[in-house]
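Peer 1: File upload.tsv follows (TSV, C-alpha atoms):
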```
chain	number	residue	atom	x	y	z
A	258	MET	CA	-1.96	-70.02	-20.64
A	259	ALA	CA	-4.08	-67.42	-22.46
A	260	ARG	CA	-6.15	-67.12	-19.29
A	261	ALA	CA	-3.06	-66.52	-17.13
A	262	ARG	CA	-1.88	-63.83	-19.55
A	263	SER	CA	-5.26	-62.19	-19.48
A	264	GLU	CA	-5.29	-62.16	-15.65
A	265	GLU	CA	-1.85	-60.64	-15.65
A	266	ARG	CA	-2.91	-57.97	-18.10
A	267	ARG	CA	-5.94	-57.18	-15.96
A	268	ALA	CA	-3.74	-56.71	-12.88
A	269	GLU	CA	-1.43	-54.48	-14.90
A	270	ILE	CA	-4.37	-52.29	-15.95
A	271	LEU	CA	-5.56	-51.97	-12.34
A	272	ARG	CA	-2.09	-50.85	-11.23
A	273	ALA	CA	-1.97	-48.27	-14.03
A	274	ALA	CA	-5.46	-47.01	-13.12
A	275	LEU	CA	-4.36	-46.65	-9.50
A	276	GLU	CA	-1.46	-44.45	-10.60
A	277	VAL	CA	-3.49	-42.29	-12.94
A	278	ILE	CA	-6.24	-41.73	-10.33
A	279	ALA	CA	-3.63	-40.81	-7.71
A	280	GLU	CA	-2.27	-38.19	-10.10
A	281	ARG	CA	-5.49	-36.70	-11.49
A	282	GLY	CA	-8.43	-38.00	-9.47
A	283	TYR	CA	-11.14	-40.07	-11.11
A	284	ARG	CA	-12.86	-37.21	-12.91
A	285	GLY	CA	-9.52	-36.07	-14.28
A	286	ALA	CA	-8.42	-39.55	-15.31
A	287	SER	CA	-9.08	-40.81	-18.84
A	288	LEU	CA	-9.27	-44.37	-20.11
A	289	ALA	CA	-6.88	-43.27	-22.86
A	290	SER	CA	-4.16	-42.38	-20.36
A	291	VAL	CA	-4.59	-45.72	-18.54
A	292	ALA	CA	-4.48	-47.58	-21.86
A	293	GLU	CA	-1.35	-45.72	-22.94
A	294	ARG	CA	0.44	-46.62	-19.71
A	295	VAL	CA	0.00	-50.34	-20.33
A	296	GLY	CA	0.61	-50.16	-24.09
A	297	LEU	CA	-2.98	-50.87	-25.13
A	298	THR	CA	-5.34	-49.00	-27.42
A	299	GLN	CA	-8.47	-47.66	-25.78
A	300	GLN	CA	-10.41	-50.37	-27.66
A	301	GLY	CA	-8.08	-52.97	-26.22
A	302	LEU	CA	-8.65	-51.66	-22.71
A	303	LEU	CA	-12.43	-51.78	-23.14
A	304	HIS	CA	-12.08	-55.53	-23.71
A	305	TYR	CA	-11.01	-55.87	-20.04
A	306	PHE	CA	-13.18	-53.13	-18.53
A	307	PRO	CA	-16.20	-52.07	-20.58
A	308	THR	CA	-16.59	-48.63	-18.92
A	309	LYS	CA	-14.58	-46.17	-16.85
A	310	GLU	CA	-16.98	-46.85	-13.95
A	311	ALA	CA	-16.32	-50.59	-14.15
A	312	LEU	CA	-12.57	-49.96	-13.98
A	313	LEU	CA	-13.02	-47.67	-10.96
A	314	VAL	CA	-15.07	-50.15	-8.98
A	315	ALA	CA	-12.59	-52.92	-9.84
A	316	VAL	CA	-9.75	-50.76	-8.46
A	317	LEU	CA	-11.61	-50.17	-5.20
A	318	GLU	CA	-12.64	-53.82	-4.77
A	319	GLU	CA	-9.16	-55.04	-5.60
A	320	ARG	CA	-7.70	-52.85	-2.86
A	321	ASP	CA	-10.03	-54.23	-0.20
A	322	GLN	CA	-9.29	-57.78	-1.35
A	323	TRP	CA	-5.55	-57.17	-1.03
A	324	ASP	CA	-5.82	-55.48	2.33
A	325	THR	CA	-7.87	-58.26	3.85
A	326	GLY	CA	-5.89	-61.11	2.30
A	327	GLY	CA	-8.89	-62.01	0.17
A	328	ALA	CA	-11.29	-62.16	3.12
A	329	GLY	CA	-13.16	-59.01	2.09
A	330	LEU	CA	-14.79	-56.75	4.65
A	331	SER	CA	-16.80	-59.35	6.54
A	332	PRO	CA	-17.46	-58.09	10.09
A	333	ALA	CA	-15.71	-61.05	11.78
A	334	ALA	CA	-12.36	-60.18	10.17
A	335	TRP	CA	-11.69	-56.95	12.13
A	336	ARG	CA	-9.18	-56.61	14.97
A	337	LEU	CA	-7.72	-53.45	16.50
A	338	ASP	CA	-4.09	-54.57	16.21
A	339	LEU	CA	-4.65	-55.34	12.52
A	340	LEU	CA	-6.06	-51.84	12.00
A	341	ALA	CA	-2.94	-50.33	13.57
A	342	SER	CA	-0.80	-52.49	11.28
A	343	LEU	CA	-2.85	-51.37	8.30
A	344	VAL	CA	-2.09	-47.73	9.16
A	345	ASP	CA	1.64	-48.59	9.46
A	346	TYR	CA	1.44	-50.27	6.08
A	347	ASN	CA	-0.43	-47.35	4.51
A	348	ALA	CA	2.34	-44.99	5.62
A	349	MET	CA	4.63	-46.92	3.25
A	350	ARG	CA	2.34	-46.65	0.22
A	351	PRO	CA	1.33	-43.02	-0.30
A	352	GLY	CA	0.16	-43.74	-3.86
A	353	VAL	CA	-2.58	-46.12	-2.76
A	354	VAL	CA	-3.63	-43.81	0.06
A	355	GLN	CA	-3.68	-40.89	-2.37
A	356	THR	CA	-5.94	-42.77	-4.78
A	357	PHE	CA	-8.32	-43.79	-2.04
A	358	SER	CA	-8.41	-40.30	-0.48
A	359	ALA	CA	-8.95	-38.57	-3.81
A	360	LEU	CA	-11.81	-40.95	-4.63
A	361	LEU	CA	-13.43	-40.58	-1.23
A	362	GLY	CA	-13.33	-36.80	-1.69
A	363	GLU	CA	-14.85	-36.98	-5.16
A	364	SER	CA	-17.46	-39.51	-4.09
A	365	VAL	CA	-19.45	-36.81	-2.27
A	366	THR	CA	-19.93	-34.80	-5.49
A	367	ASP	CA	-23.20	-35.30	-7.38
A	368	GLU	CA	-23.84	-38.66	-9.04
A	369	HIS	CA	-20.31	-39.93	-8.58
A	370	PRO	CA	-19.94	-43.59	-9.59
A	371	ALA	CA	-18.07	-44.46	-6.37
A	372	LYS	CA	-20.75	-43.03	-4.06
A	373	ASP	CA	-22.66	-46.30	-3.54
A	374	PHE	CA	-19.43	-48.23	-3.14
A	375	PHE	CA	-18.24	-45.93	-0.34
A	376	THR	CA	-21.65	-45.71	1.35
A	377	GLN	CA	-21.94	-49.49	1.57
A	378	ARG	CA	-18.29	-49.89	2.47
A	379	TYR	CA	-18.54	-47.48	5.41
A	380	ALA	CA	-21.62	-49.21	6.81
A	381	LEU	CA	-19.70	-52.51	6.76
A	382	VAL	CA	-16.52	-50.96	8.16
A	383	ARG	CA	-18.35	-49.27	11.06
A	384	GLU	CA	-20.02	-52.58	11.90
A	385	GLY	CA	-16.72	-54.47	11.79
A	386	VAL	CA	-14.92	-51.86	13.88
A	387	ALA	CA	-17.69	-51.83	16.50
A	388	GLY	CA	-17.35	-55.61	16.78
A	389	ALA	CA	-13.57	-55.37	17.17
A	390	LEU	CA	-13.94	-52.70	19.89
A	391	ARG	CA	-16.49	-54.83	21.75
A	392	ALA	CA	-14.30	-57.94	21.55
A	393	GLU	CA	-11.30	-56.03	22.89
A	394	TYR	CA	-12.79	-53.59	25.42
A	395	GLY	CA	-16.31	-54.78	26.21
A	396	GLU	CA	-19.54	-52.76	26.29
A	397	ARG	CA	-18.29	-49.60	27.98
A	398	LEU	CA	-15.47	-47.46	26.61
A	399	PRO	CA	-14.00	-44.27	28.13
A	400	GLY	CA	-16.34	-41.27	28.12
A	401	GLY	CA	-19.22	-43.72	28.56
A	402	LEU	CA	-19.23	-44.52	24.82
A	403	THR	CA	-20.60	-47.75	23.37
A	404	PRO	CA	-18.61	-49.58	20.68
A	405	GLU	CA	-21.21	-48.36	18.15
A	406	GLN	CA	-20.55	-44.74	19.16
A	407	ALA	CA	-16.78	-45.13	18.99
A	408	ALA	CA	-16.69	-46.94	15.62
A	409	PRO	CA	-17.45	-43.94	13.34
A	410	LEU	CA	-14.86	-41.93	15.29
A	411	LEU	CA	-12.16	-44.52	14.70
A	412	VAL	CA	-12.99	-44.64	10.99
A	413	ALA	CA	-13.04	-40.84	10.81
A	414	VAL	CA	-9.61	-40.62	12.46
A	415	MET	CA	-8.13	-43.08	9.93
A	416	ASP	CA	-9.52	-41.12	6.97
A	417	GLY	CA	-8.86	-37.65	8.35
A	418	LEU	CA	-5.26	-38.44	9.28
A	419	GLN	CA	-4.63	-39.62	5.73
A	420	TYR	CA	-5.43	-36.16	4.36
A	421	GLN	CA	-3.25	-34.37	6.90
A	422	TRP	CA	-0.41	-36.82	6.28
A	423	LEU	CA	-0.62	-36.69	2.46
A	424	LEU	CA	-0.57	-32.88	2.56
A	425	ASP	CA	2.31	-32.62	5.02
A	426	PRO	CA	4.09	-35.93	5.71
A	427	GLY	CA	6.89	-34.16	7.60
A	428	SER	CA	4.49	-32.69	10.18
A	429	VAL	CA	2.06	-35.56	10.73
A	430	ASP	CA	3.12	-38.96	12.09
A	431	MET	CA	0.11	-40.90	10.85
A	432	PRO	CA	0.84	-44.29	12.52
A	433	GLY	CA	1.81	-42.61	15.81
A	434	ALA	CA	-1.32	-40.46	15.81
A	435	PHE	CA	-3.52	-43.48	15.15
A	436	ARG	CA	-1.99	-45.30	18.13
A	437	ASP	CA	-2.58	-42.17	20.24
A	438	PHE	CA	-6.24	-42.41	19.30
A	439	LEU	CA	-6.39	-46.10	20.27
A	440	SER	CA	-4.97	-45.18	23.69
A	441	LEU	CA	-7.93	-42.80	24.16
A	442	LEU	CA	-10.30	-45.74	23.64
A	443	ARG	CA	-8.55	-48.14	26.02
A	444	PRO	CA	-10.40	-48.49	29.33
A	445	GLU	CA	-8.23	-47.72	32.40
B	75	MET	CA	-22.50	2.79	-5.63
B	76	ALA	CA	-20.61	1.12	-8.46
B	77	ARG	CA	-18.26	-0.31	-5.84
B	78	ALA	CA	-21.15	-1.76	-3.80
B	79	ARG	CA	-22.59	-3.36	-6.93
B	80	SER	CA	-19.23	-4.85	-7.76
B	81	GLU	CA	-18.84	-6.32	-4.24
B	82	GLU	CA	-22.30	-7.79	-4.51
B	83	ARG	CA	-21.50	-9.34	-7.86
B	84	ARG	CA	-18.30	-10.80	-6.44
B	85	ALA	CA	-20.23	-12.42	-3.57
B	86	GLU	CA	-22.75	-13.79	-6.07
B	87	ILE	CA	-19.95	-15.37	-8.11
B	88	LEU	CA	-18.44	-16.99	-5.00
B	89	ARG	CA	-21.82	-18.50	-4.09
B	90	ALA	CA	-22.23	-19.86	-7.62
B	91	ALA	CA	-18.70	-21.29	-7.56
B	92	LEU	CA	-19.48	-22.99	-4.25
B	93	GLU	CA	-22.51	-24.67	-5.84
B	94	VAL	CA	-20.71	-25.78	-8.98
B	95	ILE	CA	-17.76	-27.21	-7.01
B	96	ALA	CA	-20.15	-29.08	-4.71
B	97	GLU	CA	-21.76	-30.67	-7.76
B	98	ARG	CA	-18.71	-31.48	-9.86
B	99	GLY	CA	-15.56	-30.96	-7.80
B	100	TYR	CA	-12.97	-28.39	-8.79
B	101	ARG	CA	-11.45	-30.35	-11.65
B	102	GLY	CA	-14.92	-30.98	-13.05
B	103	ALA	CA	-16.07	-27.36	-12.61
B	104	SER	CA	-15.70	-24.88	-15.46
B	105	LEU	CA	-15.56	-21.09	-15.34
B	106	ALA	CA	-18.19	-21.14	-18.08
B	107	SER	CA	-20.70	-22.94	-15.85
B	108	VAL	CA	-20.07	-20.51	-12.97
B	109	ALA	CA	-20.45	-17.54	-15.35
B	110	GLU	CA	-23.67	-18.95	-16.76
B	111	ARG	CA	-25.15	-19.35	-13.27
B	112	VAL	CA	-24.73	-15.64	-12.52
B	113	GLY	CA	-25.66	-14.44	-16.01
B	114	LEU	CA	-22.18	-13.32	-17.03
B	115	THR	CA	-20.05	-14.18	-20.04
B	116	GLN	CA	-16.81	-15.96	-19.28
B	117	GLN	CA	-14.99	-12.72	-20.20
B	118	GLY	CA	-17.15	-10.87	-17.69
B	119	LEU	CA	-16.30	-13.37	-14.97
B	120	LEU	CA	-12.56	-13.03	-15.66
B	121	HIS	CA	-12.91	-9.36	-14.77
B	122	TYR	CA	-13.63	-10.42	-11.17
B	123	PHE	CA	-11.38	-13.48	-10.96
B	124	PRO	CA	-8.59	-13.66	-13.54
B	125	THR	CA	-8.10	-17.46	-13.29
B	126	LYS	CA	-9.95	-20.53	-12.12
B	127	GLU	CA	-7.31	-20.95	-9.39
B	128	ALA	CA	-7.92	-17.40	-8.12
B	129	LEU	CA	-11.63	-18.13	-7.88
B	130	LEU	CA	-10.98	-21.34	-5.98
B	131	VAL	CA	-8.71	-19.74	-3.41
B	132	ALA	CA	-11.21	-16.91	-2.96
B	133	VAL	CA	-13.96	-19.47	-2.24
B	134	LEU	CA	-11.83	-21.18	0.40
B	135	GLU	CA	-10.71	-17.96	2.06
B	136	GLU	CA	-14.24	-16.55	2.04
B	137	ARG	CA	-15.48	-19.61	3.89
B	138	ASP	CA	-12.91	-19.29	6.66
B	139	GLN	CA	-13.69	-15.57	6.98
B	140	TRP	CA	-17.39	-16.33	7.36
B	141	ASP	CA	-16.87	-19.15	9.82
B	142	THR	CA	-14.64	-17.09	12.08
B	143	GLY	CA	-16.70	-13.91	11.89
B	144	GLY	CA	-13.89	-12.23	9.99
B	145	ALA	CA	-11.25	-13.16	12.56
B	146	GLY	CA	-9.52	-15.66	10.27
B	147	LEU	CA	-7.72	-18.68	11.65
B	148	SER	CA	-5.49	-16.91	14.19
B	149	PRO	CA	-4.55	-19.40	16.93
B	150	ALA	CA	-6.09	-17.30	19.73
B	151	ALA	CA	-9.58	-17.56	18.23
B	152	TRP	CA	-10.13	-21.29	18.91
B	153	ARG	CA	-12.39	-22.70	21.64
B	154	LEU	CA	-13.77	-26.23	22.01
B	155	ASP	CA	-17.38	-25.13	22.47
B	156	LEU	CA	-17.14	-23.03	19.30
B	157	LEU	CA	-15.85	-26.07	17.40
B	158	ALA	CA	-18.84	-28.11	18.56
B	159	SER	CA	-21.15	-25.29	17.42
B	160	LEU	CA	-19.37	-25.20	14.07
B	161	VAL	CA	-20.11	-28.91	13.58
B	162	ASP	CA	-23.78	-28.27	14.51
B	163	TYR	CA	-23.85	-25.47	11.98
B	164	ASN	CA	-22.18	-27.58	9.28
B	165	ALA	CA	-24.88	-30.22	9.69
B	166	MET	CA	-27.33	-27.59	8.40
B	167	ARG	CA	-25.33	-26.68	5.30
B	168	PRO	CA	-24.42	-29.86	3.41
B	169	GLY	CA	-23.57	-27.85	0.26
B	170	VAL	CA	-20.70	-25.99	1.93
B	171	VAL	CA	-19.43	-29.17	3.59
B	172	GLN	CA	-19.65	-30.98	0.26
B	173	THR	CA	-17.56	-28.30	-1.48
B	174	PHE	CA	-14.94	-28.34	1.24
B	175	SER	CA	-14.78	-32.16	1.38
B	176	ALA	CA	-14.56	-32.52	-2.39
B	177	LEU	CA	-11.74	-29.95	-2.51
B	178	LEU	CA	-9.83	-31.53	0.37
B	179	GLY	CA	-10.04	-34.86	-1.45
B	180	GLU	CA	-8.81	-33.39	-4.73
B	181	SER	CA	-6.08	-31.39	-3.03
B	182	VAL	CA	-3.99	-34.54	-2.53
B	183	THR	CA	-3.84	-35.23	-6.29
B	184	ASP	CA	-0.73	-34.00	-8.15
B	185	GLU	CA	-0.18	-30.26	-8.49
B	186	HIS	CA	-3.63	-29.31	-7.29
B	187	PRO	CA	-4.03	-25.54	-6.82
B	188	ALA	CA	-5.61	-25.96	-3.36
B	189	LYS	CA	-2.75	-28.09	-2.00
B	190	ASP	CA	-0.76	-25.21	-0.47
B	191	PHE	CA	-3.91	-23.62	0.91
B	192	PHE	CA	-4.88	-26.81	2.76
B	193	THR	CA	-1.34	-27.59	3.93
B	194	GLN	CA	-0.96	-24.15	5.51
B	195	ARG	CA	-4.51	-24.17	6.82
B	196	TYR	CA	-4.05	-27.49	8.61
B	197	ALA	CA	-0.83	-26.36	10.28
B	198	LEU	CA	-2.70	-23.30	11.61
B	199	VAL	CA	-5.76	-25.31	12.62
B	200	ARG	CA	-3.73	-27.92	14.52
B	201	GLU	CA	-1.93	-25.13	16.36
B	202	GLY	CA	-5.20	-23.39	17.25
B	203	VAL	CA	-6.85	-26.61	18.39
B	204	ALA	CA	-3.85	-27.57	20.54
B	205	GLY	CA	-4.12	-24.17	22.23
B	206	ALA	CA	-7.85	-24.61	22.84
B	207	LEU	CA	-7.28	-28.07	24.33
B	208	ARG	CA	-4.54	-26.76	26.62
B	209	ALA	CA	-6.69	-23.81	27.77
B	210	GLU	CA	-9.60	-26.13	28.57
B	211	TYR	CA	-7.96	-29.32	29.88
B	212	GLY	CA	-4.34	-28.46	30.73
B	213	GLU	CA	-1.16	-30.31	29.78
B	214	ARG	CA	-2.31	-33.88	30.28
B	215	LEU	CA	-5.26	-35.41	28.46
B	216	PRO	CA	-6.67	-38.94	28.82
B	217	GLY	CA	-4.40	-41.70	27.51
B	218	GLY	CA	-1.44	-39.54	28.57
B	219	LEU	CA	-1.74	-37.42	25.41
B	220	THR	CA	-0.45	-33.86	25.14
B	221	PRO	CA	-2.62	-31.18	23.50
B	222	GLU	CA	-0.28	-31.34	20.48
B	223	GLN	CA	-0.89	-35.09	20.14
B	224	ALA	CA	-4.67	-34.73	20.45
B	225	ALA	CA	-5.02	-31.80	18.01
B	226	PRO	CA	-4.50	-33.73	14.73
B	227	LEU	CA	-6.95	-36.36	16.01
B	228	LEU	CA	-9.65	-33.78	16.65
B	229	VAL	CA	-9.15	-32.28	13.20
B	230	ALA	CA	-9.18	-35.75	11.61
B	231	VAL	CA	-12.46	-36.60	13.37
B	232	MET	CA	-14.10	-33.42	12.06
B	233	ASP	CA	-13.01	-34.13	8.48
B	234	GLY	CA	-13.61	-37.87	8.52
B	235	LEU	CA	-17.10	-37.54	9.98
B	236	GLN	CA	-18.02	-35.13	7.19
B	237	TYR	CA	-17.40	-37.82	4.56
B	238	GLN	CA	-19.38	-40.47	6.46
B	239	TRP	CA	-22.21	-37.99	7.03
B	240	LEU	CA	-22.35	-36.71	3.42
B	241	LEU	CA	-22.45	-40.28	2.11
B	242	ASP	CA	-25.10	-41.48	4.53
B	243	PRO	CA	-26.76	-38.71	6.56
B	244	GLY	CA	-29.41	-41.09	7.89
B	245	SER	CA	-26.84	-43.38	9.53
B	246	VAL	CA	-24.31	-40.87	10.89
B	247	ASP	CA	-25.19	-38.22	13.50
B	248	MET	CA	-22.26	-35.91	12.81
B	249	PRO	CA	-22.79	-33.40	15.67
B	250	GLY	CA	-23.50	-36.19	18.18
B	251	ALA	CA	-20.42	-38.14	17.11
B	252	PHE	CA	-18.23	-35.05	17.43
B	253	ARG	CA	-19.48	-34.49	20.99
B	254	ASP	CA	-18.75	-38.16	21.73
B	255	PHE	CA	-15.19	-37.52	20.64
B	256	LEU	CA	-14.89	-34.46	22.89
B	257	SER	CA	-16.03	-36.60	25.82
B	258	LEU	CA	-13.08	-38.94	25.14
B	259	LEU	CA	-10.71	-35.99	25.53
B	260	ARG	CA	-12.21	-34.66	28.77
B	261	PRO	CA	-10.09	-35.55	31.81
B	262	GLU	CA	-12.00	-37.45	34.51
```
What's the structure tokens form of this structure?
Peer 2:
Amino acid sequence: MARARSEERRAEILRAALEVIAERGYRGASLASVAERVGLTQQGLLHYFPTKEALLVAVLEERDQWDTGGAGLSPAAWRLDLLASLVDYNAMRPGVVQTFSALLGESVTDEHPAKDFFTQRYALVREGVAGALRAEYGERLPGGLTPEQAAPLLVAVMDGLQYQWLLDPGSVDMPGAFRDFLSLLRPE
Amino acid sequence: MARARSEERRAEILRAALEVIAERGYRGASLASVAERVGLTQQGLLHYFPTKEALLVAVLEERDQWDTGGAGLSPAAWRLDLLASLVDYNAMRPGVVQTFSALLGESVTDEHPAKDFFTQRYALVREGVAGALRAEYGERLPGGLTPEQAAPLLVAVMDGLQYQWLLDPGSVDMPGAFRDFLSLLRPE
């Protein structure tokens, strides 16, 4: 019972952190503002997450767990139709996309605590996407590209479209544009 | 003479701001740290740029002026081979790419002073890229895409590759990957 309540509280804190980061970025976010949003003191919050960095990494990991139904980013889990569905889904949750995009942007500044997370995540994601492209289209894609050459492009399109869409949702049809990109990769 | 010295000082401040933003992001950057880097007091700096926002917008505008040889982002100035050269050039100046990428990431957080700049810039860039694609490849691109459908994808690839490259330059060949993408757009 106490354990269930504690789990619930933890989930509540992660949701609040997601909101605060979407609004202010990680560097602009404070533990105090997260604590306030869930009715805890800062001391109380530190009981669940001992540092701001620990809270950040938990937010990022939690998102990947949700998005993969708990499977994590293991290379075997990737499929192109699931990626297209993920982009559809993202278009309905700008707050999560905003948090992720703000953190990715910050992660390239010096000594950012999410830098290692993103570096490792992208290596895994490129590997998974290359596998999905190979399973679907074989060794040779249009333009003579290999699945390994196309994978970073697919990942870049997903990320880059998120910025254009967040800035100007009325001008950029993110799910439609992602499907346009997939049609470029489909062999004749 | 005094005017030349003042222009020089202004350029020096913009370079320092570029460095500080690359290191800390805009929200993490302070006018005091920029002033210190060029040997000015904060009061002295405010003589050149009255607010932090004004300095930020000047940094962003200065970069586009440099990159276009003073032509700005007018739609007629875009060509695909120049875009490929720009990506080659960017691969030699990680500091500038880092500043731009960090700012783009932050710009999607609430009420960020660079949000309008990026929103307007992307509308112009998509228009210019669509024109360049039409001039080079005509109305019909692979996958049945129009130049207007392909333009946001090209822009997304440029931005997205910058993040992957900044995080892990040893694993991502940014200029090579961008050329791979162009080969997807080339009609048979």
Peer 1: Go through A:Trp335, A:Arg262, A:Val277, A:Leu343 one by one, measure the shortest atom-to-atom distance of each to chain B using only C-alpha atoms, and give the residue with the smallest value.
Peer 2: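 Residue with the minimum atom-to-atom distance to chain B: A:Val277.
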Peer 1: Pick out the closest residue to chain A from this set: B:Arg89, B:His121, B:Arg200, B:Arg208. Count only C-alpha atoms.
Peer 2: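 The shortest atom-to-atom distance to chain A comes from B:Arg200.
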Peer 1: Record the distance separating atom CA of Leu156 of chain B and atom CA of Pro226 of chain B, expressed in Å with one decimal.
Peer 2: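 Answer for the atom CA of Leu156 of chain B to atom CA of Pro226 of chain B separation: 17.2 Å.
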Peer 1: How far is it from atom CA of Ser342 of chain A to atom CA of Met232 of chain B, in Å with one decimal?
Peer 2: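 Computing it gives 23.3 Å between the two atoms.
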Peer 1: Give the answer as one residue: which of A:Gly395, A:Gly362, A:Gly329, A:Gly401 has the shortest atom-to-atom distance to Ala96 of chain B, using all atoms listed in the file?
Peer 2: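 The answer is A:Gly362, which sits nearest to Ala96 of chain B.
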Peer 1: Residues at most 12 Å from Arg397 of chain A, counting only C-alpha atoms, excluding those fewer than 4 positions away in the same chain, as a PyMOL selection string?
Peer 2: chain A and resi 387+390-393+401-407+442-445
